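Here is target-v3.cif, consisting of mmCIF, C-alpha atoms and all ligand atoms:
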```cif
data_run
loop_
_atom_site.label_atom_id
_atom_site.label_comp_id
_atom_site.auth_asym_id
_atom_site.auth_seq_id
_atom_site.Cartn_x
_atom_site.Cartn_y
_atom_site.Cartn_z
CA MET A 1 124.01 27.75 72.11
CA ALA A 2 120.49 28.88 71.43
CA SER A 3 117.92 30.66 73.47
CA VAL A 4 114.53 31.49 72.02
CA LYS A 5 112.44 34.45 73.13
CA LEU A 6 108.90 35.28 72.11
CA THR A 7 107.62 38.74 73.01
CA ASP A 8 103.94 39.69 72.62
CA VAL A 9 103.65 37.30 69.68
CA LYS A 10 100.25 37.30 68.02
CA LYS A 11 98.85 35.47 65.03
CA VAL A 12 95.75 36.59 63.16
CA TYR A 13 94.76 34.46 60.16
CA ASP A 14 93.06 36.18 57.23
CA ASN A 15 92.53 39.38 59.25
CA LYS A 16 89.89 37.72 61.38
CA VAL A 17 90.81 34.61 63.41
CA THR A 18 93.22 35.33 66.27
CA SER A 19 94.91 31.98 66.84
CA VAL A 20 97.66 33.13 69.21
CA HIS A 21 97.27 36.05 71.65
CA ASP A 22 100.24 37.91 73.18
CA PHE A 23 102.49 34.88 73.65
CA ASN A 24 105.43 35.68 75.95
CA LEU A 25 108.08 33.08 76.74
CA GLU A 26 111.83 32.80 77.20
CA ILE A 27 113.35 29.43 76.43
CA LYS A 28 116.85 28.91 77.76
CA ASP A 29 119.74 27.34 75.88
CA LYS A 30 119.46 23.50 75.91
CA GLU A 31 116.06 23.61 77.52
CA PHE A 32 113.36 21.12 76.43
CA VAL A 33 110.05 23.00 76.35
CA VAL A 34 106.74 21.37 75.46
CA PHE A 35 103.69 23.25 74.17
CA VAL A 36 100.63 21.25 75.17
CA GLY A 37 96.90 21.84 74.95
CA PRO A 38 93.77 20.65 73.20
CA SER A 39 93.57 20.58 69.42
CA GLY A 40 93.22 24.06 67.91
CA CYS A 41 94.74 25.96 70.85
CA GLY A 42 97.54 27.45 68.73
CA LYS A 43 100.50 25.17 69.47
CA SER A 44 101.46 24.45 65.86
CA THR A 45 100.88 28.03 64.80
CA THR A 46 103.31 29.22 67.49
CA LEU A 47 105.89 26.61 66.52
CA ARG A 48 105.53 27.47 62.84
CA MET A 49 106.07 31.16 63.60
CA ILE A 50 109.33 30.22 65.39
CA ALA A 51 110.32 28.11 62.38
CA GLY A 52 109.48 30.87 59.91
CA LEU A 53 106.78 28.83 58.17
CA GLU A 54 104.10 31.29 59.24
CA ASP A 55 104.17 35.12 59.31
CA ILE A 56 104.14 36.76 62.73
CA THR A 57 101.24 39.22 62.87
CA GLU A 58 102.59 41.15 65.86
CA GLY A 59 105.47 40.82 68.31
CA THR A 60 108.97 39.42 67.94
CA VAL A 61 110.70 36.05 67.88
CA GLU A 62 114.39 36.10 68.82
CA ILE A 63 116.89 33.28 68.48
CA ASP A 64 120.05 33.95 70.49
CA GLY A 65 119.08 37.57 70.91
CA VAL A 66 118.58 38.20 67.17
CA VAL A 67 115.10 39.08 65.93
CA VAL A 68 114.29 36.53 63.22
CA ASN A 69 110.83 37.76 62.17
CA ASP A 70 112.03 38.56 58.66
CA LEU A 71 114.49 35.68 58.22
CA GLN A 72 113.70 32.78 55.89
CA PRO A 73 113.29 29.37 57.62
CA LYS A 74 116.57 28.17 56.14
CA ASP A 75 118.42 31.11 57.70
CA ARG A 76 117.12 30.54 61.21
CA ASP A 77 119.37 27.59 62.14
CA ILE A 78 116.46 25.44 63.17
CA ALA A 79 115.50 21.86 62.33
CA MET A 80 111.92 20.68 62.31
CA VAL A 81 110.37 17.22 62.55
CA PHE A 82 106.74 16.91 61.48
CA GLN A 83 103.98 14.49 62.35
CA ASN A 84 103.78 13.09 58.83
CA TYR A 85 107.61 12.60 58.55
CA ALA A 86 107.68 14.30 55.10
CA LEU A 87 110.28 11.88 53.69
CA TYR A 88 111.07 11.72 49.97
CA PRO A 89 109.60 8.35 48.89
CA HIS A 90 111.91 7.83 45.90
CA MET A 91 115.10 8.32 47.92
CA THR A 92 116.87 5.85 50.19
CA VAL A 93 117.09 6.50 53.90
CA TYR A 94 120.71 7.60 53.42
CA ASP A 95 119.75 10.09 50.71
CA ASN A 96 116.82 11.39 52.72
CA ILE A 97 119.09 12.14 55.66
CA ALA A 98 121.81 13.56 53.39
CA PHE A 99 119.41 15.75 51.41
CA SER A 100 119.83 19.08 53.22
CA LEU A 101 123.61 18.64 53.44
CA ARG A 102 123.84 18.11 49.69
CA LEU A 103 121.81 21.26 49.12
CA LYS A 104 124.41 23.07 51.19
CA LYS A 105 127.19 21.49 49.07
CA VAL A 106 128.77 19.78 52.06
CA PRO A 107 131.60 17.43 50.87
CA GLU A 108 130.45 13.80 50.45
CA ASP A 109 132.91 12.38 53.00
CA GLU A 110 131.59 14.78 55.63
CA ILE A 111 128.02 13.85 54.67
CA TYR A 112 128.93 10.17 55.05
CA GLU A 113 130.34 10.86 58.50
CA LYS A 114 127.25 12.77 59.65
CA VAL A 115 124.65 10.41 58.16
CA THR A 116 126.26 7.25 59.53
CA SER A 117 126.77 8.70 62.98
CA ALA A 118 123.14 9.94 63.14
CA ALA A 119 121.97 6.51 61.92
CA GLU A 120 124.03 4.90 64.65
CA VAL A 121 122.51 7.08 67.37
CA LEU A 122 119.02 6.31 66.07
CA GLY A 123 119.64 2.58 65.48
CA ILE A 124 118.76 2.68 61.78
CA THR A 125 122.15 1.82 60.26
CA GLU A 126 120.81 -1.38 58.71
CA TYR A 127 118.04 0.51 56.89
CA LEU A 128 120.19 3.15 55.20
CA THR A 129 119.79 1.58 51.75
CA ARG A 130 116.04 1.08 52.03
CA LYS A 131 113.32 3.34 50.68
CA PRO A 132 110.85 4.81 53.23
CA ARG A 133 107.98 2.54 52.11
CA ALA A 134 109.97 -0.48 53.34
CA LEU A 135 110.10 0.92 56.89
CA SER A 136 107.69 0.81 59.81
CA GLY A 137 106.15 4.02 61.19
CA GLY A 138 108.66 4.15 64.03
CA GLN A 139 111.61 3.65 61.67
CA ARG A 140 110.34 6.41 59.37
CA GLN A 141 110.05 8.72 62.33
CA ARG A 142 113.67 7.97 63.21
CA VAL A 143 114.72 8.86 59.67
CA ALA A 144 112.83 12.16 59.97
CA ILE A 145 114.66 12.84 63.23
CA GLY A 146 117.97 11.84 61.62
CA ARG A 147 117.38 14.33 58.84
CA ALA A 148 116.95 17.07 61.42
CA MET A 149 119.95 15.88 63.45
CA VAL A 150 122.57 16.17 60.71
CA ARG A 151 121.81 19.83 60.23
CA ASN A 152 123.48 20.78 63.53
CA ALA A 153 120.62 23.14 64.15
CA LYS A 154 120.59 25.47 67.14
CA VAL A 155 116.96 24.66 67.86
CA PHE A 156 115.07 21.43 67.29
CA LEU A 157 111.35 21.86 66.67
CA MET A 158 109.04 18.86 66.80
CA ASP A 159 105.35 19.00 65.89
CA GLU A 160 103.43 15.97 67.22
CA PRO A 161 106.23 13.66 66.01
CA LEU A 162 104.73 10.57 67.64
CA SER A 163 101.03 10.97 67.00
CA ASN A 164 100.95 8.66 63.95
CA LEU A 165 102.45 5.75 65.90
CA ASP A 166 100.58 3.08 67.82
CA ALA A 167 100.55 3.29 71.62
CA LYS A 168 103.40 0.83 72.25
CA LEU A 169 105.70 2.40 69.69
CA ARG A 170 104.84 5.84 70.96
CA ASN A 171 106.04 4.90 74.45
CA GLN A 172 109.23 3.45 73.01
CA MET A 173 109.93 6.50 70.84
CA ARG A 174 109.22 8.78 73.78
CA ALA A 175 111.99 7.07 75.71
CA GLU A 176 114.23 7.39 72.64
CA ILE A 177 113.58 11.10 72.39
CA ILE A 178 114.67 11.45 76.03
CA LEU A 179 117.90 9.60 75.16
CA LEU A 180 118.36 11.60 71.97
CA ARG A 181 118.00 14.80 73.88
CA GLN A 182 120.80 13.76 76.23
CA LYS A 183 123.03 13.02 73.22
CA LEU A 184 122.20 16.12 71.19
CA ASP A 185 122.37 18.64 74.00
CA THR A 186 120.46 21.29 72.10
CA THR A 187 117.33 23.39 72.59
CA PHE A 188 114.06 21.56 71.92
CA ILE A 189 110.56 22.89 71.41
CA TYR A 190 108.05 20.07 71.19
CA VAL A 191 104.33 20.28 70.40
CA THR A 192 101.84 17.67 71.58
CA HIS A 193 98.21 17.38 72.68
CA ASP A 194 99.20 14.48 74.97
CA GLN A 195 99.77 15.44 78.59
CA THR A 196 101.78 12.27 79.28
CA GLU A 197 104.26 13.20 76.55
CA ALA A 198 104.44 16.72 77.92
CA MET A 199 105.03 15.53 81.49
CA THR A 200 107.68 12.96 80.58
CA LEU A 201 109.64 15.01 78.04
CA GLY A 202 109.53 18.60 79.17
CA ASP A 203 111.89 20.49 81.46
CA ARG A 204 109.09 23.01 81.31
CA ILE A 205 105.56 22.72 80.00
CA VAL A 206 103.55 25.52 78.41
CA ILE A 207 99.85 24.72 78.75
CA MET A 208 97.74 26.53 76.17
CA ARG A 209 94.04 27.08 75.56
CA ASP A 210 92.38 29.16 72.83
CA GLY A 211 95.66 30.83 71.86
CA ILE A 212 96.50 31.83 75.42
CA ILE A 213 99.12 30.47 77.82
CA GLU A 214 97.31 29.12 80.89
CA GLN A 215 100.46 28.18 82.83
CA VAL A 216 104.18 27.63 82.36
CA GLY A 217 106.07 25.42 84.78
CA THR A 218 108.04 22.26 85.39
CA PRO A 219 106.02 19.03 85.20
CA MET A 220 105.80 18.87 89.00
CA GLU A 221 104.79 22.53 89.31
CA VAL A 222 101.87 22.20 86.92
CA PHE A 223 100.86 18.91 88.55
CA GLU A 224 101.10 20.03 92.16
CA LYS A 225 100.29 23.71 91.80
CA PRO A 226 97.86 24.12 88.91
CA GLU A 227 96.95 27.79 88.69
CA ASN A 228 93.39 27.19 87.51
CA ILE A 229 90.79 24.48 86.92
CA PHE A 230 91.71 24.08 83.24
CA VAL A 231 95.32 23.18 84.05
CA ALA A 232 94.26 21.01 87.00
CA GLU A 233 91.97 18.97 84.75
CA PHE A 234 94.28 18.87 81.74
CA ILE A 235 97.32 17.48 83.58
CA GLY A 236 96.91 14.01 85.08
CA ALA A 237 94.76 11.10 83.94
CA PRO A 238 92.00 10.39 84.72
CA LYS A 239 91.39 14.06 85.34
CA MET A 240 91.14 15.71 88.74
CA ASN A 241 87.77 15.36 90.50
CA MET A 242 85.95 18.64 91.19
CA MET A 243 83.42 19.14 93.99
CA LYS A 244 81.43 22.18 95.09
CA THR A 245 81.85 22.54 98.85
CA GLU A 246 82.12 24.99 101.75
CA LEU A 247 85.53 25.86 103.12
CA THR A 248 85.04 26.64 106.81
CA CYS A 249 87.23 27.70 109.71
CA GLU A 250 86.58 26.72 113.34
CA ASN A 251 89.01 27.72 116.10
CA GLY A 252 91.81 28.18 113.60
CA ARG A 253 91.25 24.79 111.94
CA TRP A 254 90.02 24.55 108.38
CA TYR A 255 87.49 22.04 107.01
CA VAL A 256 85.67 21.10 103.83
CA ASN A 257 82.36 19.25 103.82
CA PRO A 258 81.77 17.67 100.40
CA PHE A 259 78.52 15.67 100.32
CA GLY A 260 78.21 15.63 104.10
CA ALA A 261 81.72 14.35 104.85
CA LYS A 262 83.76 16.56 107.16
CA ILE A 263 87.46 16.53 106.28
CA GLU A 264 90.08 18.69 107.94
CA VAL A 265 92.54 20.57 105.77
CA ASP A 266 96.09 19.47 106.52
CA GLY A 267 98.14 21.83 108.70
CA ALA A 268 100.59 22.91 105.98
CA LYS A 269 97.77 23.52 103.49
CA ALA A 270 95.84 25.47 106.14
CA GLU A 271 98.92 27.65 106.64
CA GLU A 272 99.01 28.34 102.91
CA LEU A 273 95.33 29.35 102.98
CA LYS A 274 96.07 31.70 105.85
CA ALA A 275 99.15 33.15 104.15
CA LYS A 276 97.01 33.99 101.09
CA ASN A 277 94.34 35.48 103.36
CA VAL A 278 91.70 33.10 101.97
CA GLN A 279 88.36 33.58 103.74
CA PRO A 280 85.80 30.84 104.51
CA GLN A 281 83.73 30.54 101.33
CA THR A 282 82.18 28.25 98.78
CA VAL A 283 84.99 26.63 96.77
CA THR A 284 85.49 24.17 93.98
CA LEU A 285 87.55 21.48 95.66
CA GLY A 286 89.87 19.42 93.46
CA VAL A 287 91.21 15.98 94.40
CA ARG A 288 93.05 13.69 92.01
CA PRO A 289 91.63 10.16 91.46
CA GLU A 290 94.84 8.59 92.80
CA HIS A 291 94.57 10.67 95.97
CA MET A 292 91.12 9.34 96.84
CA THR A 293 90.66 6.33 99.09
CA LEU A 294 87.99 3.69 98.57
CA LEU A 295 86.11 2.48 101.64
CA PHE A 296 83.68 -0.44 101.83
CA GLU A 297 82.06 0.83 105.05
CA PRO A 298 80.91 4.38 105.83
CA SER A 299 82.82 6.58 108.27
CA ALA A 300 82.45 10.12 109.63
CA ASN A 301 84.53 11.60 106.84
CA SER A 302 83.39 9.48 103.91
CA ILE A 303 81.29 10.34 100.86
CA PRO A 304 78.64 7.76 99.94
CA CYS A 305 78.68 6.90 96.24
CA LYS A 306 77.23 4.45 93.78
CA LEU A 307 79.60 2.56 91.50
CA GLU A 308 78.77 3.09 87.83
CA VAL A 309 81.74 1.79 85.88
CA ASN A 310 84.66 -0.36 86.92
CA GLU A 311 87.64 -0.09 84.56
CA MET A 312 90.14 -2.82 85.35
CA MET A 313 93.54 -1.68 84.04
CA GLY A 314 95.54 -4.59 85.49
CA SER A 315 97.78 -2.93 88.05
CA GLU A 316 95.00 -0.57 89.07
CA VAL A 317 91.29 -0.15 88.77
CA HIS A 318 89.48 3.07 87.90
CA LEU A 319 86.14 3.33 89.65
CA HIS A 320 83.62 5.77 88.21
CA MET A 321 81.23 6.75 90.99
CA THR A 322 78.28 9.09 91.35
CA THR A 323 77.29 10.90 94.53
CA LYS A 324 73.68 11.40 95.63
CA ASP A 325 73.44 14.68 93.73
CA ASP A 326 74.87 13.02 90.62
CA THR A 327 78.38 14.48 90.79
CA LYS A 328 80.80 12.16 89.01
CA LEU A 329 83.96 11.13 90.86
CA ILE A 330 86.73 8.79 89.76
CA VAL A 331 88.91 6.83 92.18
CA ARG A 332 92.11 5.04 91.18
CA VAL A 333 92.84 2.04 93.37
CA PRO A 334 95.97 -0.14 93.10
CA THR A 335 94.64 -3.67 92.47
CA ILE A 336 97.14 -5.11 94.91
CA GLU A 337 95.38 -3.29 97.76
CA LEU A 338 92.14 -5.20 97.13
CA ASN A 339 91.54 -8.75 98.30
CA GLU A 340 89.50 -11.28 96.32
CA GLU A 341 86.32 -10.54 98.23
CA GLN A 342 86.68 -6.76 97.78
CA ARG A 343 87.30 -7.15 94.05
CA LYS A 344 83.99 -9.01 93.78
CA MET A 345 82.27 -6.13 95.55
CA LEU A 346 83.18 -3.71 92.73
CA ALA A 347 79.93 -4.39 90.91
CA TYR A 348 77.65 -1.97 89.07
CA GLY A 349 75.23 -0.14 91.39
CA ARG A 350 77.14 -1.07 94.54
CA GLU A 351 77.11 1.44 97.41
CA LEU A 352 80.70 2.42 98.23
CA TYR A 353 82.45 5.25 100.10
CA ILE A 354 85.24 7.66 99.28
CA THR A 355 87.50 9.70 101.49
CA PHE A 356 90.74 11.64 101.06
CA SER A 357 93.36 13.27 103.20
CA GLY A 358 93.63 16.98 103.91
CA LYS A 359 97.03 17.05 102.16
CA VAL A 360 95.81 16.45 98.63
CA MET A 361 93.22 19.21 98.26
CA HIS A 362 93.25 21.95 95.63
CA PHE A 363 91.01 24.99 96.20
CA PHE A 364 89.57 26.95 93.29
CA ASP A 365 87.35 30.02 93.09
CA PRO A 366 84.07 28.75 91.57
CA GLN A 367 83.57 32.04 89.70
CA THR A 368 87.03 32.72 88.26
CA SER A 369 88.42 29.12 88.29
CA ARG A 370 91.66 30.50 89.79
CA ASN A 371 93.53 28.45 92.38
CA LEU A 372 92.98 30.24 95.71
CA ILE A 373 96.56 29.50 96.82
CA TYR A 374 98.62 29.36 93.62
CA GLY A 375 96.44 31.15 91.07
P1 LIG B 401 97.00 23.25 67.47
O1 LIG B 401 98.36 23.03 66.92
O2 LIG B 401 97.02 23.61 68.92
O3 LIG B 401 96.06 22.10 67.20
P2 LIG B 401 96.79 25.28 65.45
O4 LIG B 401 97.93 26.18 65.76
O5 LIG B 401 96.96 24.31 64.33
O6 LIG B 401 96.34 24.53 66.77
O7 LIG B 401 95.50 26.16 65.15
C1 LIG B 401 95.09 27.22 65.99
C2 LIG B 401 93.86 27.88 65.39
O8 LIG B 401 94.21 28.54 64.19
C3 LIG B 401 92.75 26.92 65.05
O9 LIG B 401 91.54 27.53 65.38
C4 LIG B 401 92.89 26.73 63.56
O10 LIG B 401 91.65 26.46 62.98
C5 LIG B 401 93.42 28.08 63.12
N1 LIG B 401 94.26 27.94 61.91
C6 LIG B 401 95.38 27.19 61.79
N2 LIG B 401 95.91 27.32 60.56
C7 LIG B 401 95.12 28.19 59.89
C8 LIG B 401 95.12 28.76 58.56
N3 LIG B 401 96.10 28.43 57.69
N4 LIG B 401 94.14 29.61 58.24
C9 LIG B 401 93.16 29.96 59.11
N5 LIG B 401 93.10 29.47 60.36
C10 LIG B 401 94.05 28.60 60.77
#
```
What does the file become when written as structure tokens?
Amino acid sequence: MASVKLTDVKKVYDNKVTSVHDFNLEIKDKEFVVFVGPSGCGKSTTLRMIAGLEDITEGTVEIDGVVVNDLQPKDRDIAMVFQNYALYPHMTVYDNIAFSLRLKKVPEDEIYEKVTSAAEVLGITEYLTRKPRALSGGQRQRVAIGRAMVRNAKVFLMDEPLSNLDAKLRNQMRAEIILLRQKLDTTFIYVTHDQTEAMTLGDRIVIMRDGIIEQVGTPMEVFEKPENIFVAEFIGAPKMNMMKTELTCENGRWYVNPFGAKIEVDGAKAEELKAKNVQPQTVTLGVRPEHMTLLFEPSANSIPCKLEVNEMMGSEVHLHMTTKDDTKLIVRVPTIELNEEQRKMLAYGRELYITFSGKVMHFFDPQTSRNLIYG
């Protein structure tokens, strides 16, 4: 059992740089929470304050209702896995995993039990007698996780544990962390700059920028209801397209007119606009690349574009387009939807057309960047 609560937590380095501002968050027992955001936004600092590796300038951190601000890391019942693994090079895998238990004078037979069962879960039994240098990056990362596992910690903290691995291994280890989480059944706080990791691992995601929480929500909440432009662009790849346009209302029906196209806002979305008392106005309209449709011929509701870059990903193609006024838009098209002739038409400089449905629109205030419905 372990809940974690941060109340008005602030970190000021050297009396001048405020790296974390008034961080407030309650993490429930057994919840998997991911802190995500660009480099330097304060994720690691926040995690390190929870771990006790960094002083808390202001505010409180509680674990299971007990304020731990003044407790040493070793007394906080937490286990931490770092990006650089931090294994002891002269020790075998077994001894690395056993290290903290030996410090605590746990009997050797109990240590044996714990180390071998962790190794089993992580699939590293055959490497127990090896030294870390004889392991691959992924295997070393498993040892680092094993070392944290045997401590029976209340909270598992992970700081960019996969960022030193190549892309394929990272995907594999991500899946393993999901499995591990099911087996360990404990509270996880995981730091990453990678939105895919955040989306796939987190029960809830905390999106940070410049030491401030921009939004907290489930993966689907932050994807479908981003509260501001920063979150909308940070979650999802390639990032959401943004267009300056007028939001108008005629006889109770709502429209947008980006680059001369006239597209009606879907009924349910229009109801949401009404419920929030949104007035006709200039908006920043957001549409995800996968929600845009490519057309080869113009139509009443299409945006004429010029194709600049064609990124063939195999199962889909990412088309980088520019409108007449040089706005950049990206469209994701499943390759299977294109016939041979159409694929040949995706050439540099080609005139193409984009449209999208009224269901997939996000409306932001151009001044404040807030979502007009969810912000
Ligand atoms: P993230 O983990 O999101 O990349 P960090 O928490 O590491 O960000 O850093 C947040 C901010 O705090 C950055 O601007 C960084 O330069 C600053 N910072 C981190 N550690 C220190 C330190 N020991 N002394 C001074 N500034 C620091």
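Using all atoms listed in the file, the smallest distance between any of A:Leu101, A:Leu201, A:Ile303, A:Val81 and Lys324 of chain A comes from A:Ile303.
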Would you write out, as a Markdown table, a table of all residues in chain A that have an atom no more than 9 Å from an atom of ligand LIG 401 (chain B), listing for each the closest atom pair and the distance in Å to one decimal, considering all atoms listed in the file and ordering rows by chain and rising residue number?
```
| residue | atom | partner | partner_atom | distance |
| --- | --- | --- | --- | --- |
| A:Lys11 | CA | B:LIG401 | O8 | 8.4 |
| A:Val12 | CA | B:LIG401 | N5 | 8.1 |
| A:Tyr13 | CA | B:LIG401 | C9 | 4.9 |
| A:Asp14 | CA | B:LIG401 | C9 | 6.5 |
| A:Lys16 | CA | B:LIG401 | C9 | 8.7 |
| A:Val17 | CA | B:LIG401 | N5 | 6.4 |
| A:Thr18 | CA | B:LIG401 | O8 | 7.2 |
| A:Ser19 | CA | B:LIG401 | O8 | 4.4 |
| A:Val20 | CA | B:LIG401 | C1 | 7.2 |
| A:Phe35 | CA | B:LIG401 | O2 | 8.5 |
| A:Val36 | CA | B:LIG401 | O2 | 7.6 |
| A:Gly37 | CA | B:LIG401 | O2 | 6.3 |
| A:Pro38 | CA | B:LIG401 | O2 | 6.1 |
| A:Ser39 | CA | B:LIG401 | O3 | 3.7 |
| A:Gly40 | CA | B:LIG401 | O6 | 3.4 |
| A:Cys41 | CA | B:LIG401 | O2 | 3.8 |
| A:Gly42 | CA | B:LIG401 | O4 | 3.3 |
| A:Lys43 | CA | B:LIG401 | O2 | 3.9 |
| A:Ser44 | CA | B:LIG401 | O1 | 3.6 |
| A:Thr45 | CA | B:LIG401 | O4 | 3.6 |
| A:Thr46 | CA | B:LIG401 | O4 | 6.4 |
| A:Leu47 | CA | B:LIG401 | O4 | 8.0 |
| A:Arg48 | CA | B:LIG401 | O4 | 8.2 |
| A:Glu54 | CA | B:LIG401 | N3 | 8.6 |
| A:Asp159 | CA | B:LIG401 | O1 | 8.1 |
| A:Glu160 | CA | B:LIG401 | O1 | 8.7 |
| A:Val191 | CA | B:LIG401 | O1 | 7.4 |
| A:Thr192 | CA | B:LIG401 | O1 | 7.9 |
| A:His193 | CA | B:LIG401 | O2 | 7.4 |
| A:Met208 | CA | B:LIG401 | O2 | 7.8 |
| A:Arg209 | CA | B:LIG401 | O2 | 8.1 |
| A:Asp210 | CA | B:LIG401 | C1 | 7.6 |
| A:Gly211 | CA | B:LIG401 | C1 | 6.9 |
```
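Between atom CA of Thr335 of chain A and atom CA of Glu316 of chain A the interatomic distance comes to 4.6 Å.
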For segment 126-193 of chain A against segment 109-119 of chain A, with a cut-off of 10 Å and counting all atoms listed in the file, what is the closest atom pair and its distance in Å to one decimal for every residue that makes the cut, ordered by chain and number, as a Markdown table?
```
| residue | atom | partner | partner_atom | distance |
| --- | --- | --- | --- | --- |
| A:Glu126 | CA | A:Ala119 | CA | 8.6 |
| A:Tyr127 | CA | A:Ala119 | CA | 8.8 |
| A:Leu128 | CA | A:Ala119 | CA | 7.7 |
| A:Arg142 | CA | A:Ala119 | CA | 8.5 |
| A:Val143 | CA | A:Ala119 | CA | 7.9 |
| A:Ile145 | CA | A:Ala118 | CA | 9.0 |
| A:Gly146 | CA | A:Ala118 | CA | 5.7 |
| A:Arg147 | CA | A:Val115 | CA | 8.3 |
| A:Ala148 | CA | A:Ala118 | CA | 9.6 |
| A:Met149 | CA | A:Ala118 | CA | 6.7 |
| A:Val150 | CA | A:Lys114 | CA | 5.9 |
| A:Arg151 | CA | A:Lys114 | CA | 8.9 |
| A:Asn152 | CA | A:Lys114 | CA | 9.7 |
```
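Atom CA of Thr368 of chain A is positioned 19.0 Å from atom CA of Ile235 of chain A.
Residues in contact range of Phe296 of chain A, defined as at most 10 Å between all atoms listed in the file, with sequence neighbours fewer than 6 positions away removed, read Pro304, Gln342, Met345, Leu346, Arg350, Glu351, Leu352, Tyr353 and Ile354 of chain A.
Distance-wise, atom CA of Glu311 of chain A and atom CA of Ala261 of chain A end up 25.6 Å apart.
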Given the point (111.5, 23.1, 71.2) in the coordinates of this file, which residues lie within 8 Å, counting only C-alpha atoms, and how would they look as a PyMOL selection string? chain A and resi 31-34+155-158+187-191
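Excluding segment 24-27 of chain A and any residue on its chain fewer than 2 positions from it, the residues at most 9 Å away by all atoms listed in the file are Ala2, Ser3, Val4, Lys5, Leu6, Thr7, Asp8, Val9, Asp22, Asp29, Lys30, Glu31, Phe32, Val33, Thr187, Ile189, Val206, Ile213 and Val216 of chain A.
For the choices A:Gly236, A:Gly260, A:Gly138, A:Gly267, the atom-to-atom distance to Pro289 of chain A is smallest for A:Gly236 when using all atoms listed in the file.
The closest residue to Asn301 of chain A, picked from A:Asn339, A:Ser357, A:Gln281, A:Thr92 and counting only C-alpha atoms, is A:Ser357.
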For Thr245 of chain A, work out the shell of residues within 7 Å, counting all atoms listed in the file and skipping chain neighbours fewer than 6 positions away, then give it as a PyMOL selection string. chain A and resi 256-258+282-285
Same residues, C-alpha atoms, saved as a compact mmCIF listing (two decimals), keeping the file's coordinate frame:
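See again.txt below for the written result:
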```
# COMPACT_ATOMS: atom_id res chain seq x y z
CA VAL A 256 85.67 21.10 103.83
CA ASN A 257 82.36 19.25 103.82
CA PRO A 258 81.77 17.67 100.40
CA THR A 282 82.18 28.25 98.78
CA VAL A 283 84.99 26.63 96.77
CA THR A 284 85.49 24.17 93.98
CA LEU A 285 87.55 21.48 95.66
```
Please return segment 6-15 of chain A, rebuilt to N, CA, C and O atoms, as a compact mmCIF listing (two decimals), keeping the file's coordinate frame.
```txt
# COMPACT_ATOMS: atom_id res chain seq x y z
N LEU A 6 110.08 34.76 72.81
CA LEU A 6 108.90 35.28 72.11
C LEU A 6 108.33 36.43 72.94
O LEU A 6 108.13 36.28 74.15
N THR A 7 108.13 37.56 72.30
CA THR A 7 107.62 38.74 73.01
C THR A 7 106.34 39.23 72.34
O THR A 7 106.37 39.58 71.16
N ASP A 8 105.25 39.20 73.09
CA ASP A 8 103.94 39.69 72.62
C ASP A 8 103.59 39.15 71.23
O ASP A 8 103.10 39.89 70.37
N VAL A 9 103.88 37.87 71.01
CA VAL A 9 103.65 37.30 69.68
C VAL A 9 102.16 37.01 69.48
O VAL A 9 101.48 36.45 70.35
N LYS A 10 101.68 37.43 68.33
CA LYS A 10 100.25 37.30 68.02
C LYS A 10 100.12 36.79 66.60
O LYS A 10 100.91 37.16 65.72
N LYS A 11 99.12 35.93 66.39
CA LYS A 11 98.85 35.47 65.03
C LYS A 11 97.38 35.66 64.69
O LYS A 11 96.50 35.15 65.39
N VAL A 12 97.12 36.42 63.65
CA VAL A 12 95.75 36.59 63.16
C VAL A 12 95.72 36.03 61.74
O VAL A 12 96.48 36.48 60.88
N TYR A 13 94.89 35.02 61.50
CA TYR A 13 94.76 34.46 60.16
C TYR A 13 93.71 35.24 59.37
O TYR A 13 92.63 35.53 59.90
N ASP A 14 94.01 35.55 58.17
CA ASP A 14 93.06 36.18 57.23
C ASP A 14 92.36 37.40 57.84
O ASP A 14 91.17 37.63 57.60
N ASN A 15 93.08 38.16 58.64
CA ASN A 15 92.53 39.38 59.25
C ASN A 15 91.33 39.14 60.15
O ASN A 15 90.63 40.08 60.50
```
